[in-house]
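Trainee: Below is a structure I'd like to ask you about.
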Amino acid sequence: LGLCKAPEPKVKLSNLMRVLGSDAIQDPTKVEAHVRKQIAERQRKHETANQQRKLTKEQRSEKKIRKIKEDTSLAVHAALYKVKSLAHPAKRFKVEMNAKQLHMTGLILLHNNINLVIVEGGMFENQAINEM
């Protein structure tokens with residue numbers, strides 16, 4: 001209703017002539033410099049807003065743990081994997097550490113001709129273990 005000043009149009013180099021028409025014809029260099037300045041200002045505002053929203057390292061880790069707990073609060077999924085060989089300690093370590101990092105519980109059964117990995121956790125965690 002005319003109470004607030006209308007915002008400046010978002011001018012790009014591609015729509016320069018349509019938006020600024022007669023001004024662009026009279027002094028194209030000046031108008032182009034003005035448009036480039038506006039573009040740079042919008043880009044700077046965008047990047048500062050992103051930096052303000054960016055989570056700290058602690059907040060990211062808290063968010064990750066919260067997401068895992070939300071995933072397991074809905075339902076706990078159990079999975080059983082038959083593995084050819086877990087004789088090498090590095091393989092067992094990899095399975096144990098991945099389960100620990102994904103906040104999963106379970107166990108490893110070792111036998112002469114069969115090795116089983118039993119894990120339980122949320123759907124997301126089971127998918128991550130399955131991809132391993």
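Following the order of the structure tokens, chains are lettered A, B, ..., residues in each are numbered from 1, and ligands are numbered from 1.
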For segment 20-24 of chain A, list every protein, DNA or RNA residue within 12 Å, evaluated using only C-alpha atoms, and leave out those in the same chain fewer than 4 positions away; present the list as a PyMOL selection string.

Mentor: chain A and resi 8-16+28-35

Trainee: Produce a file of the selected residues containing C-alpha atoms, as a PDB file, in the first residue's frame.

Mentor:
ATOM      1  CA  GLU A   8      15.248  -3.122  -5.713  1.00  0.00           C
ATOM      2  CA  PRO A   9      14.762  -5.556  -8.575  1.00  0.00           C
ATOM      3  CA  LYS A  10      17.218  -8.452  -8.636  1.00  0.00           C
ATOM      4  CA  VAL A  11      19.124  -7.520 -11.733  1.00  0.00           C
ATOM      5  CA  LYS A  12      21.444  -9.988 -13.438  1.00  0.00           C
ATOM      6  CA  LEU A  13      23.592  -9.418 -16.479  1.00  0.00           C
ATOM      7  CA  SER A  14      21.167 -11.548 -18.499  1.00  0.00           C
ATOM      8  CA  ASN A  15      18.085  -9.437 -17.662  1.00  0.00           C
ATOM      9  CA  LEU A  16      19.893  -6.097 -17.526  1.00  0.00           C
ATOM     10  CA  PRO A  28      25.854   0.825 -20.292  1.00  0.00           C
ATOM     11  CA  THR A  29      29.255   0.729 -18.547  1.00  0.00           C
ATOM     12  CA  LYS A  30      27.961   2.454 -15.420  1.00  0.00           C
ATOM     13  CA  VAL A  31      24.851   0.269 -15.281  1.00  0.00           C
ATOM     14  CA  GLU A  32      26.883  -2.910 -15.778  1.00  0.00           C
ATOM     15  CA  ALA A  33      29.231  -1.925 -12.942  1.00  0.00           C
ATOM     16  CA  HIS A  34      26.215  -1.231 -10.717  1.00  0.00           C
ATOM     17  CA  VAL A  35      24.696  -4.620 -11.570  1.00  0.00           C
TER      18      VAL A  35
END

Trainee: Could you pull out the residues in chain A that DSSP calls strand (DSSP E) from the backbone, as a PDB file with C-alpha atoms, in the first residue's frame?

Mentor:
ATOM      1  CA  HIS A  77      16.291 -53.545  13.519  1.00  0.00           C
ATOM      2  CA  ALA A  78      18.420 -56.640  13.942  1.00  0.00           C
ATOM      3  CA  ALA A  79      20.531 -58.121  11.187  1.00  0.00           C
ATOM      4  CA  LEU A  80      22.517 -61.318  10.793  1.00  0.00           C
ATOM      5  CA  TYR A  81      25.447 -61.466   8.386  1.00  0.00           C
ATOM      6  CA  LYS A  82      27.336 -64.564   7.324  1.00  0.00           C
ATOM      7  CA  VAL A  83      30.967 -63.707   6.633  1.00  0.00           C
ATOM      8  CA  THR A 105      25.073 -53.427  19.650  1.00  0.00           C
ATOM      9  CA  GLY A 106      25.746 -57.002  18.696  1.00  0.00           C
ATOM     10  CA  LEU A 107      28.301 -59.750  18.631  1.00  0.00           C
ATOM     11  CA  ILE A 108      30.614 -61.740  16.394  1.00  0.00           C
ATOM     12  CA  LEU A 109      30.462 -65.547  16.392  1.00  0.00           C
ATOM     13  CA  LEU A 110      33.607 -67.249  15.140  1.00  0.00           C
ATOM     14  CA  ASN A 115      31.404 -66.661  10.953  1.00  0.00           C
ATOM     15  CA  LEU A 116      28.335 -64.685  11.971  1.00  0.00           C
ATOM     16  CA  VAL A 117      27.949 -61.003  12.750  1.00  0.00           C
ATOM     17  CA  ILE A 118      24.776 -60.100  14.627  1.00  0.00           C
ATOM     18  CA  VAL A 119      23.977 -56.395  15.015  1.00  0.00           C
ATOM     19  CA  GLU A 120      21.007 -54.362  16.148  1.00  0.00           C
ATOM     20  CA  GLY A 121      20.324 -50.684  15.701  1.00  0.00           C
TER      21      GLY A 121
END

Trainee: For the alpha helix (DSSP H) assignment from backbone DSSP, which residues of chain A qualify? Please present them as a PyMOL selection string.

Mentor: chain A and resi 16-26+28-53+57-74+89-101+123-131

Trainee: Which of these residues is nearest to Ser85 of chain A, using only C-alpha atoms: A:Thr56, A:Asn112, A:Gln26, A:Gln127?

Mentor: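 Ranking A:Thr56, A:Asn112, A:Gln26, A:Gln127 by distance to Ser85 of chain A, first place goes to A:Asn112.
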